[in-house]
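Visitor: What follows is final-v4.pdb, PDB, C-alpha atoms.
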```pdb
ATOM      1  CA  MET A   1       8.443   3.537  17.381
ATOM      2  CA  ASP A   2       7.718   2.867  13.683
ATOM      3  CA  SER A   3       3.952   2.574  13.941
ATOM      4  CA  LEU A   4       1.248   2.231  11.329
ATOM      5  CA  VAL A   5      -1.251   5.052  11.851
ATOM      6  CA  ILE A   6      -4.746   4.659  10.431
ATOM      7  CA  ALA A   7      -7.581   7.072  11.200
ATOM      8  CA  GLY A   8      -5.571   8.566  14.057
ATOM      9  CA  ARG A   9      -4.811   5.274  15.806
ATOM     10  CA  SER A  10      -1.366   3.645  15.983
ATOM     11  CA  TYR A  11      -0.653  -0.034  15.414
ATOM     12  CA  ALA A  12       2.603  -1.874  16.013
ATOM     13  CA  SER A  13       1.863  -4.535  13.376
ATOM     14  CA  ARG A  14       1.755  -3.725   9.682
ATOM     15  CA  LEU A  15       0.206  -7.086   8.818
ATOM     16  CA  LEU A  16      -3.592  -7.178   8.565
ATOM     17  CA  VAL A  17      -5.291 -10.534   8.236
ATOM     18  CA  GLY A  18      -8.658 -11.959   7.278
ATOM     19  CA  THR A  19     -10.744 -14.593   9.004
ATOM     20  CA  GLY A  20     -12.159 -16.642   6.131
ATOM     21  CA  LYS A  21     -11.296 -20.119   4.776
ATOM     22  CA  TYR A  22      -9.872 -21.592   7.980
ATOM     23  CA  ARG A  23     -10.905 -25.084   9.083
ATOM     24  CA  ASP A  24     -12.560 -23.809  12.237
ATOM     25  CA  PHE A  25     -12.529 -20.911  14.688
ATOM     26  CA  ASP A  26      -9.766 -22.557  16.745
ATOM     27  CA  GLU A  27      -7.394 -22.556  13.788
ATOM     28  CA  THR A  28      -8.448 -18.988  13.029
ATOM     29  CA  ALA A  29      -7.524 -17.878  16.540
ATOM     30  CA  ARG A  30      -4.153 -19.656  16.491
ATOM     31  CA  ALA A  31      -3.207 -18.238  13.104
ATOM     32  CA  LEU A  32      -4.171 -14.713  14.105
ATOM     33  CA  ASP A  33      -2.079 -15.042  17.239
ATOM     34  CA  ALA A  34       0.943 -16.239  15.245
ATOM     35  CA  SER A  35       0.565 -13.408  12.734
ATOM     36  CA  GLY A  36       0.887 -10.711  15.372
ATOM     37  CA  ALA A  37      -1.839  -8.781  13.564
ATOM     38  CA  GLU A  38      -3.815  -6.144  15.428
ATOM     39  CA  ILE A  39      -6.349  -5.366  12.697
ATOM     40  CA  VAL A  40      -8.517  -8.289  11.632
ATOM     41  CA  THR A  41     -10.967  -8.058   8.771
ATOM     42  CA  VAL A  42     -14.326  -9.851   8.810
ATOM     43  CA  ALA A  43     -16.816 -10.323   5.977
ATOM     44  CA  ILE A  44     -20.148  -9.094   7.310
ATOM     45  CA  ARG A  45     -22.143 -10.932   4.642
ATOM     46  CA  ARG A  46     -20.390 -14.276   5.235
ATOM     47  CA  VAL A  47     -19.523 -14.463   8.932
ATOM     48  CA  ASN A  48     -21.838 -14.553  11.933
ATOM     49  CA  LEU A  49     -21.134 -11.684  14.308
ATOM     50  CA  GLY A  50     -24.393 -12.050  16.147
ATOM     51  CA  GLN A  51     -26.822 -11.849  13.253
ATOM     52  CA  ASP A  52     -27.759 -15.509  13.889
ATOM     53  CA  PRO A  53     -27.802 -16.398  17.615
ATOM     54  CA  SER A  54     -28.128 -20.098  16.763
ATOM     55  CA  GLN A  55     -24.733 -20.252  15.019
ATOM     56  CA  PRO A  56     -21.163 -19.933  16.385
ATOM     57  CA  ASN A  57     -20.122 -16.305  16.720
ATOM     58  CA  LEU A  58     -16.708 -15.355  15.325
ATOM     59  CA  LEU A  59     -16.340 -12.763  18.067
ATOM     60  CA  ASP A  60     -15.906 -15.617  20.547
ATOM     61  CA  ALA A  61     -12.553 -16.335  18.851
ATOM     62  CA  LEU A  62     -11.581 -12.667  18.482
ATOM     63  CA  PRO A  63     -11.157 -10.833  21.792
ATOM     64  CA  VAL A  64     -12.240  -7.276  21.047
ATOM     65  CA  ASP A  65      -9.772  -5.978  23.628
ATOM     66  CA  ARG A  66      -6.934  -7.460  21.557
ATOM     67  CA  TYR A  67      -7.996  -6.936  17.955
ATOM     68  CA  THR A  68      -9.393  -4.016  16.011
ATOM     69  CA  LEU A  69     -12.140  -5.446  13.839
ATOM     70  CA  LEU A  70     -12.305  -4.305  10.241
ATOM     71  CA  PRO A  71     -15.742  -5.135   8.795
ATOM     72  CA  ASN A  72     -15.594  -5.515   5.029
ATOM     73  CA  THR A  73     -18.048  -5.667   2.157
ATOM     74  CA  ALA A  74     -16.799  -8.873   0.497
ATOM     75  CA  GLY A  75     -19.453 -10.169  -1.876
ATOM     76  CA  CYS A  76     -20.942  -6.763  -2.670
ATOM     77  CA  TYR A  77     -21.325  -5.802  -6.322
ATOM     78  CA  SER A  78     -22.927  -2.377  -6.010
ATOM     79  CA  ALA A  79     -22.416   0.780  -3.989
ATOM     80  CA  ASP A  80     -25.859   0.408  -2.426
ATOM     81  CA  ASP A  81     -25.112  -3.120  -1.180
ATOM     82  CA  ALA A  82     -21.761  -2.057   0.226
ATOM     83  CA  VAL A  83     -23.179   0.948   2.069
ATOM     84  CA  ARG A  84     -26.060  -1.089   3.473
ATOM     85  CA  THR A  85     -23.645  -3.802   4.657
ATOM     86  CA  LEU A  86     -21.398  -1.384   6.512
ATOM     87  CA  ARG A  87     -24.341   0.345   8.128
ATOM     88  CA  LEU A  88     -25.320  -3.098   9.462
ATOM     89  CA  ALA A  89     -21.767  -3.614  10.725
ATOM     90  CA  ARG A  90     -21.938  -0.316  12.579
ATOM     91  CA  GLU A  91     -25.080  -1.468  14.356
ATOM     92  CA  LEU A  92     -23.732  -4.940  15.181
ATOM     93  CA  LEU A  93     -20.451  -3.573  16.506
ATOM     94  CA  ASP A  94     -21.732  -0.667  18.612
ATOM     95  CA  ASP A  95     -21.132   2.280  16.282
ATOM     96  CA  HIS A  96     -17.851   0.911  14.904
ATOM     97  CA  ARG A  97     -16.515   3.315  12.245
ATOM     98  CA  LEU A  98     -13.323   1.748  10.806
ATOM     99  CA  VAL A  99     -14.340  -0.309   7.759
ATOM    100  CA  LYS A 100     -12.955  -1.832   4.597
ATOM    101  CA  LEU A 101     -14.851  -1.017   1.435
ATOM    102  CA  GLU A 102     -14.706  -3.299  -1.566
ATOM    103  CA  VAL A 103     -17.162  -3.300  -4.457
ATOM    104  CA  LEU A 104     -16.526  -6.088  -6.924
ATOM    105  CA  GLY A 105     -16.961  -5.976 -10.668
ATOM    106  CA  ASP A 106     -17.611  -9.633 -11.438
ATOM    107  CA  PRO A 107     -17.544 -12.994  -9.629
ATOM    108  CA  LYS A 108     -14.848 -14.538 -11.832
ATOM    109  CA  THR A 109     -11.988 -12.071 -11.334
ATOM    110  CA  LEU A 110     -13.266 -10.248  -8.230
ATOM    111  CA  PHE A 111     -11.697  -7.169  -9.775
ATOM    112  CA  PRO A 112     -12.949  -3.939  -8.198
ATOM    113  CA  ASN A 113     -15.692  -1.907  -9.830
ATOM    114  CA  VAL A 114     -14.073   1.485  -9.360
ATOM    115  CA  ARG A 115     -17.137   3.532 -10.338
ATOM    116  CA  GLU A 116     -19.271   1.878  -7.684
ATOM    117  CA  THR A 117     -16.363   2.012  -5.221
ATOM    118  CA  LEU A 118     -16.030   5.774  -5.661
ATOM    119  CA  LYS A 119     -19.783   6.211  -5.248
ATOM    120  CA  ALA A 120     -19.887   4.147  -2.046
ATOM    121  CA  ALA A 121     -16.813   5.877  -0.629
ATOM    122  CA  GLU A 122     -18.465   9.290  -0.979
ATOM    123  CA  VAL A 123     -21.537   8.143   0.951
ATOM    124  CA  LEU A 124     -19.608   6.363   3.709
ATOM    125  CA  VAL A 125     -17.125   9.184   4.309
ATOM    126  CA  ALA A 126     -20.021  11.658   4.459
ATOM    127  CA  GLU A 127     -21.657   9.450   7.106
ATOM    128  CA  GLY A 128     -18.571   9.500   9.292
ATOM    129  CA  PHE A 129     -17.023   6.140   8.479
ATOM    130  CA  ASP A 130     -13.232   5.735   8.418
ATOM    131  CA  VAL A 131     -12.908   4.021   5.058
ATOM    132  CA  MET A 132     -10.037   1.766   4.045
ATOM    133  CA  VAL A 133     -10.684   1.008   0.401
ATOM    134  CA  TYR A 134      -9.811  -1.902  -1.893
ATOM    135  CA  THR A 135      -9.143  -0.680  -5.405
ATOM    136  CA  SER A 136      -7.296  -1.346  -8.629
ATOM    137  CA  ASP A 137      -3.660  -0.337  -9.074
ATOM    138  CA  ASP A 138      -4.709   2.738 -11.071
ATOM    139  CA  PRO A 139      -2.935   5.778  -9.540
ATOM    140  CA  ILE A 140      -5.657   8.158 -10.742
ATOM    141  CA  VAL A 141      -8.410   6.203  -8.999
ATOM    142  CA  ALA A 142      -6.254   6.023  -5.876
ATOM    143  CA  ARG A 143      -5.892   9.799  -5.929
ATOM    144  CA  GLU A 144      -9.646  10.279  -6.279
ATOM    145  CA  LEU A 145     -10.353   7.947  -3.348
ATOM    146  CA  GLU A 146      -7.878   9.857  -1.207
ATOM    147  CA  GLN A 147      -9.497  13.158  -2.207
ATOM    148  CA  ILE A 148     -12.905  11.804  -1.180
ATOM    149  CA  GLY A 149     -11.475  11.229   2.293
ATOM    150  CA  CYS A 150     -10.597   7.523   2.532
ATOM    151  CA  CYS A 151      -8.153   6.909   5.375
ATOM    152  CA  ALA A 152      -6.165   4.191   3.565
ATOM    153  CA  ILE A 153      -5.782   3.112  -0.051
ATOM    154  CA  MET A 154      -5.545  -0.652  -0.666
ATOM    155  CA  PRO A 155      -4.575  -1.493  -4.252
ATOM    156  CA  LEU A 156      -4.481  -5.111  -5.356
ATOM    157  CA  ALA A 157      -1.162  -6.800  -6.078
ATOM    158  CA  SER A 158      -2.993  -9.344  -8.243
ATOM    159  CA  LEU A 159      -6.443 -10.926  -8.214
ATOM    160  CA  ILE A 160      -8.018 -11.845  -4.864
ATOM    161  CA  GLY A 161      -7.012 -15.340  -3.833
ATOM    162  CA  SER A 162      -4.754 -15.840  -6.864
ATOM    163  CA  GLY A 163      -1.455 -15.998  -4.989
ATOM    164  CA  MET A 164       0.242 -14.456  -8.029
ATOM    165  CA  GLY A 165       2.127 -11.833  -6.032
ATOM    166  CA  ILE A 166       2.875  -8.295  -7.182
ATOM    167  CA  LEU A 167       2.329  -8.148 -10.938
ATOM    168  CA  ASN A 168       2.718  -4.387 -11.445
ATOM    169  CA  PRO A 169       5.208  -2.891  -8.989
ATOM    170  CA  TRP A 170       5.514   0.266 -11.095
ATOM    171  CA  ASN A 171       1.876   1.295 -10.608
ATOM    172  CA  LEU A 172       2.095   0.468  -6.914
ATOM    173  CA  GLN A 173       5.181   2.649  -6.637
ATOM    174  CA  ILE A 174       3.352   5.593  -8.190
ATOM    175  CA  ILE A 175       0.475   5.191  -5.728
ATOM    176  CA  ILE A 176       2.867   4.919  -2.785
ATOM    177  CA  ASP A 177       4.803   7.996  -3.881
ATOM    178  CA  GLU A 178       1.718  10.152  -4.467
ATOM    179  CA  CYS A 179      -0.636   9.193  -1.616
ATOM    180  CA  LYS A 180      -0.487  11.009   1.699
ATOM    181  CA  VAL A 181      -2.583   8.388   3.495
ATOM    182  CA  PRO A 182      -1.332   4.835   4.186
ATOM    183  CA  VAL A 183      -1.086   2.495   1.204
ATOM    184  CA  LEU A 184      -1.525  -1.214   1.924
ATOM    185  CA  VAL A 185      -1.314  -4.034  -0.602
ATOM    186  CA  ASP A 186      -4.561  -5.982  -0.587
ATOM    187  CA  ALA A 187      -5.074  -9.195  -2.561
ATOM    188  CA  GLY A 188      -2.771 -11.490  -4.467
ATOM    189  CA  VAL A 189      -0.040 -12.165  -1.903
ATOM    190  CA  GLY A 190       0.871 -15.852  -2.086
ATOM    191  CA  THR A 191       3.898 -16.326   0.119
ATOM    192  CA  ALA A 192       6.271 -14.516   2.432
ATOM    193  CA  SER A 193       8.507 -13.109  -0.309
ATOM    194  CA  ASP A 194       5.497 -11.334  -1.864
ATOM    195  CA  ALA A 195       4.797  -9.589   1.436
ATOM    196  CA  ALA A 196       8.442  -8.613   1.826
ATOM    197  CA  ILE A 197       8.557  -7.149  -1.696
ATOM    198  CA  ALA A 198       5.437  -5.073  -1.017
ATOM    199  CA  MET A 199       7.029  -3.628   2.094
ATOM    200  CA  GLU A 200      10.360  -3.038   0.344
ATOM    201  CA  LEU A 201       8.507  -0.931  -2.230
ATOM    202  CA  GLY A 202       7.406   1.316   0.621
ATOM    203  CA  CYS A 203       3.895   0.041   1.316
ATOM    204  CA  ASP A 204       2.658   0.881   4.783
ATOM    205  CA  GLY A 205       1.222  -2.569   5.311
ATOM    206  CA  VAL A 206      -0.169  -5.732   3.760
ATOM    207  CA  LEU A 207      -3.589  -7.337   4.132
ATOM    208  CA  MET A 208      -3.984 -11.036   3.372
ATOM    209  CA  ASN A 209      -6.237 -14.011   4.041
ATOM    210  CA  THR A 210      -6.018 -16.843   1.505
ATOM    211  CA  ALA A 211      -2.214 -17.094   1.575
ATOM    212  CA  ILE A 212      -2.342 -17.953   5.264
ATOM    213  CA  ALA A 213      -5.638 -19.799   5.576
ATOM    214  CA  THR A 214      -5.068 -22.207   2.682
ATOM    215  CA  ALA A 215      -1.403 -22.951   3.401
ATOM    216  CA  ARG A 216      -0.571 -26.528   4.381
ATOM    217  CA  GLU A 217       0.228 -25.198   7.873
ATOM    218  CA  PRO A 218      -1.685 -21.933   8.349
ATOM    219  CA  VAL A 219      -0.227 -21.115  11.765
ATOM    220  CA  ARG A 220       3.333 -21.508  10.497
ATOM    221  CA  MET A 221       2.558 -19.442   7.390
ATOM    222  CA  ALA A 222       1.053 -16.728   9.578
ATOM    223  CA  ARG A 223       4.329 -16.548  11.480
ATOM    224  CA  ALA A 224       6.285 -16.436   8.203
ATOM    225  CA  MET A 225       4.141 -13.534   6.955
ATOM    226  CA  ARG A 226       4.706 -11.659  10.194
ATOM    227  CA  LEU A 227       8.483 -11.972   9.801
ATOM    228  CA  ALA A 228       8.346 -11.073   6.103
ATOM    229  CA  VAL A 229       6.418  -7.870   6.718
ATOM    230  CA  GLU A 230       8.807  -6.884   9.489
ATOM    231  CA  ALA A 231      11.874  -7.676   7.360
ATOM    232  CA  GLY A 232      10.521  -5.811   4.347
ATOM    233  CA  ARG A 233       9.782  -2.740   6.421
ATOM    234  CA  GLU A 234      13.255  -2.793   7.978
ATOM    235  CA  ALA A 235      14.840  -3.126   4.538
ATOM    236  CA  TRP A 236      12.826  -0.161   3.222
ATOM    237  CA  LEU A 237      13.786   1.978   6.206
ATOM    238  CA  ALA A 238      17.440   0.964   5.860
ATOM    239  CA  GLY A 239      17.525   1.860   2.164
ATOM    240  CA  ARG A 240      18.754  -0.725  -0.283
ATOM    241  CA  MET A 241      22.048  -0.408  -2.160
ATOM    242  CA  ALA A 242      21.900   1.066  -5.644
ATOM    243  CA  LYS A 243      21.482  -1.392  -8.491
ATOM    244  CA  LYS A 244      24.501  -1.381 -10.823
ATOM    245  CA  PRO A 245      23.805  -3.406 -13.954
ATOM    246  CA  TYR A 246      26.910  -4.903 -15.594
ATOM    247  CA  GLN A 247      29.177  -3.456 -12.920
ATOM    248  CA  ALA A 248      30.619  -5.619 -10.170
ATOM    249  CA  SER A 249      31.853  -4.137  -6.912
ATOM    250  CA  PRO A 250      34.089  -6.152  -4.560
ATOM    251  CA  SER A 251      32.952  -6.518  -0.981
ATOM    252  CA  SER A 252      36.441  -5.712   0.314
ATOM    253  CA  PRO A 253      38.344  -2.484  -0.517
ATOM    254  CA  VAL A 254      40.857  -2.752  -3.356
ATOM    255  CA  ASP A 255      42.987   0.258  -2.509
ATOM    256  CA  GLY A 256      45.742  -0.491  -0.021
ATOM    257  CA  ARG A 257      45.432  -4.272  -0.260
ATOM    258  CA  ILE A 258      48.400  -6.398   0.824
ATOM    259  CA  GLY A 259      50.961  -6.871  -1.924
ATOM    260  CA  SER A 260      49.506  -4.129  -4.095
ATOM    261  CA  GLY A 261      52.619  -2.031  -3.832
ATOM    262  CA  ASN A 262      50.688   0.970  -2.507
TER
END
```
For the structure just supplied, provide its representation as structure tokens.
Guide:
Amino acid sequence: MDSLVIAGRSYASRLLVGTGKYRDFDETARALDASGAEIVTVAIRRVNLGQDPSQPNLLDALPVDRYTLLPNTAGCYSADDAVRTLRLARELLDDHRLVKLEVLGDPKTLFPNVRETLKAAEVLVAEGFDVMVYTSDDPIVARELEQIGCCAIMPLASLIGSGMGILNPWNLQIIIDECKVPVLVDAGVGTASDAAIAMELGCDGVLMNTAIATAREPVRMARAMRLAVEAGREAWLAGRMAKKPYQASPSSPVDGRIGSGN
């Protein structure tokens, strides 16, 4: 079975999804079901997981026996904030260790602050967390995060929530080729073809939220993303034909054709 393995655990689905921006928890649950995702990311600073007993709890819509929760540090702008947030997640979720680290540089672009990300990653790995890390598409930074001990590298395709797709496939390809841990595109996917392209490049998976949650029909888009990720992975495993610029090649053999005289 072609499984995604993260921190020693195998997953059948290579599509990871977020839980923000849906109309309500019912739509969230239906979209997650349609996506086939097994890993679901939740923003600890924005979603109630039991911090406020008077408010609806997202966990009521996410059966913990079905989904692996991936607490993230969305909204954190410093290493200290990110570390503190994930320590809280560990307490709320009974010593949960698999987390997604993101430390943002500014509120306009939501581009990662790689210095603070590296600093937070060192602390979290030392404390026993399994860190999946959102980062820029800089191959050198990706290498440093892997050397620190992060269990998955998650470079952006384009800015968070932009829907611009993969703007720099060459950098992503370098990261994919050089990293020994899983590489998952995180941020910027806008539609199914973007997800398929990421997988065709050789990414191990794709994480998305906005592309599904803000679609006209989120549940249908979730299903489309599931199929796109599966198709892209199959295409990568199959191995695409070589590109031959300015050289056509007929689909049917020329030698021995009827009436050729051969």
Visitor: At a cut-off of 6 Å, using all atoms listed in the file, what residues contact stretch 178-191 of chain A? Leave out same-chain residues fewer than 3 positions from it and give the result as an MDAnalysis selection string.
Guide: chainID A and resid 152:165 175 194 203:207 211
Visitor: Work out how far apart atom CA of A:Ile176 and atom CA of A:Lys100 are and give it in Å to one decimal.
Guide: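 About the pair atom CA of A:Ile176 and atom CA of A:Lys100: they are 18.7 Å apart.
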Visitor: Of the residues A:Trp236, A:Phe111, A:Tyr134, A:Phe129, which is the one nearest to A:Arg90, using all atoms listed in the file?
Guide: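 Nearest to A:Arg90: A:Phe129.
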Visitor: Using the chain letters and residue numbers of this document, give as a ChimeraX atom specification the residues selected by the PyMOL selection byres ((chain A and resi 39) around 7).
Guide: /A:16-17,37-38,40-41,67-70
Visitor: Figure out the distance between atom CA of A:Glu146 and atom CA of A:Glu122, please, to one decimal in Å.
Guide: 10.6 Å
Visitor: Given the file shown, enumerate the residues that the PyMOL selection byres ((chain A and resi 125) around 12) captures and present them as an MDAnalysis selection string.
Guide: chainID A and resid 7 83 86 97:101 117:124 126:133 145:151
Visitor: May I have the selected residues written with C-alpha atoms, as a compact mmCIF listing (two decimals), keeping the file's coordinate frame?
Guide:
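The resulting out-v2.txt:
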```
# COMPACT_ATOMS: atom_id res chain seq x y z
CA ALA A 7 -7.58 7.07 11.20
CA VAL A 83 -23.18 0.95 2.07
CA LEU A 86 -21.40 -1.38 6.51
CA ARG A 97 -16.52 3.32 12.24
CA LEU A 98 -13.32 1.75 10.81
CA VAL A 99 -14.34 -0.31 7.76
CA LYS A 100 -12.96 -1.83 4.60
CA LEU A 101 -14.85 -1.02 1.44
CA THR A 117 -16.36 2.01 -5.22
CA LEU A 118 -16.03 5.77 -5.66
CA LYS A 119 -19.78 6.21 -5.25
CA ALA A 120 -19.89 4.15 -2.05
CA ALA A 121 -16.81 5.88 -0.63
CA GLU A 122 -18.46 9.29 -0.98
CA VAL A 123 -21.54 8.14 0.95
CA LEU A 124 -19.61 6.36 3.71
CA ALA A 126 -20.02 11.66 4.46
CA GLU A 127 -21.66 9.45 7.11
CA GLY A 128 -18.57 9.50 9.29
CA PHE A 129 -17.02 6.14 8.48
CA ASP A 130 -13.23 5.74 8.42
CA VAL A 131 -12.91 4.02 5.06
CA MET A 132 -10.04 1.77 4.04
CA VAL A 133 -10.68 1.01 0.40
CA LEU A 145 -10.35 7.95 -3.35
CA GLU A 146 -7.88 9.86 -1.21
CA GLN A 147 -9.50 13.16 -2.21
CA ILE A 148 -12.90 11.80 -1.18
CA GLY A 149 -11.48 11.23 2.29
CA CYS A 150 -10.60 7.52 2.53
CA CYS A 151 -8.15 6.91 5.38
```
Visitor: Between A:Gly8, A:Thr214, A:Thr135, A:Gly75, which is the closest to A:Lys108 once you count only C-alpha atoms?
Guide: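 Of all the options, A:Gly75 lies closest to A:Lys108.
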Visitor: Go through A:Ile212, A:Val42, A:Ala235, A:Leu62 and flag the residue nearest A:Ala89, using only C-alpha atoms for the distances.
Guide: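 Result for the nearest residue to A:Ala89: A:Val42.
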Visitor: I'd like to see the residues matched by the PyMOL selection byres ((chain A and resi 218) around 12) on this file, and ideally I'd get them as a PyMOL selection string.
Guide: chain A and resi 17+19-24+26-35+191+209-217+219-225
Visitor: Next, dump the selected residues to file, keeping only C-alpha atoms, as a short mmCIF file (atom, residue, chain, number, x, y, z; two decimals), keeping the file's coordinate frame.
Guide:
```cif
data_model
loop_
_atom_site.label_atom_id
_atom_site.label_comp_id
_atom_site.auth_asym_id
_atom_site.auth_seq_id
_atom_site.Cartn_x
_atom_site.Cartn_y
_atom_site.Cartn_z
CA VAL A 17 -5.29 -10.53 8.24
CA THR A 19 -10.74 -14.59 9.00
CA GLY A 20 -12.16 -16.64 6.13
CA LYS A 21 -11.30 -20.12 4.78
CA TYR A 22 -9.87 -21.59 7.98
CA ARG A 23 -10.90 -25.08 9.08
CA ASP A 24 -12.56 -23.81 12.24
CA ASP A 26 -9.77 -22.56 16.74
CA GLU A 27 -7.39 -22.56 13.79
CA THR A 28 -8.45 -18.99 13.03
CA ALA A 29 -7.52 -17.88 16.54
CA ARG A 30 -4.15 -19.66 16.49
CA ALA A 31 -3.21 -18.24 13.10
CA LEU A 32 -4.17 -14.71 14.10
CA ASP A 33 -2.08 -15.04 17.24
CA ALA A 34 0.94 -16.24 15.24
CA SER A 35 0.56 -13.41 12.73
CA THR A 191 3.90 -16.33 0.12
CA ASN A 209 -6.24 -14.01 4.04
CA THR A 210 -6.02 -16.84 1.50
CA ALA A 211 -2.21 -17.09 1.58
CA ILE A 212 -2.34 -17.95 5.26
CA ALA A 213 -5.64 -19.80 5.58
CA THR A 214 -5.07 -22.21 2.68
CA ALA A 215 -1.40 -22.95 3.40
CA ARG A 216 -0.57 -26.53 4.38
CA GLU A 217 0.23 -25.20 7.87
CA VAL A 219 -0.23 -21.12 11.76
CA ARG A 220 3.33 -21.51 10.50
CA MET A 221 2.56 -19.44 7.39
CA ALA A 222 1.05 -16.73 9.58
CA ARG A 223 4.33 -16.55 11.48
CA ALA A 224 6.28 -16.44 8.20
CA MET A 225 4.14 -13.53 6.96
#
```
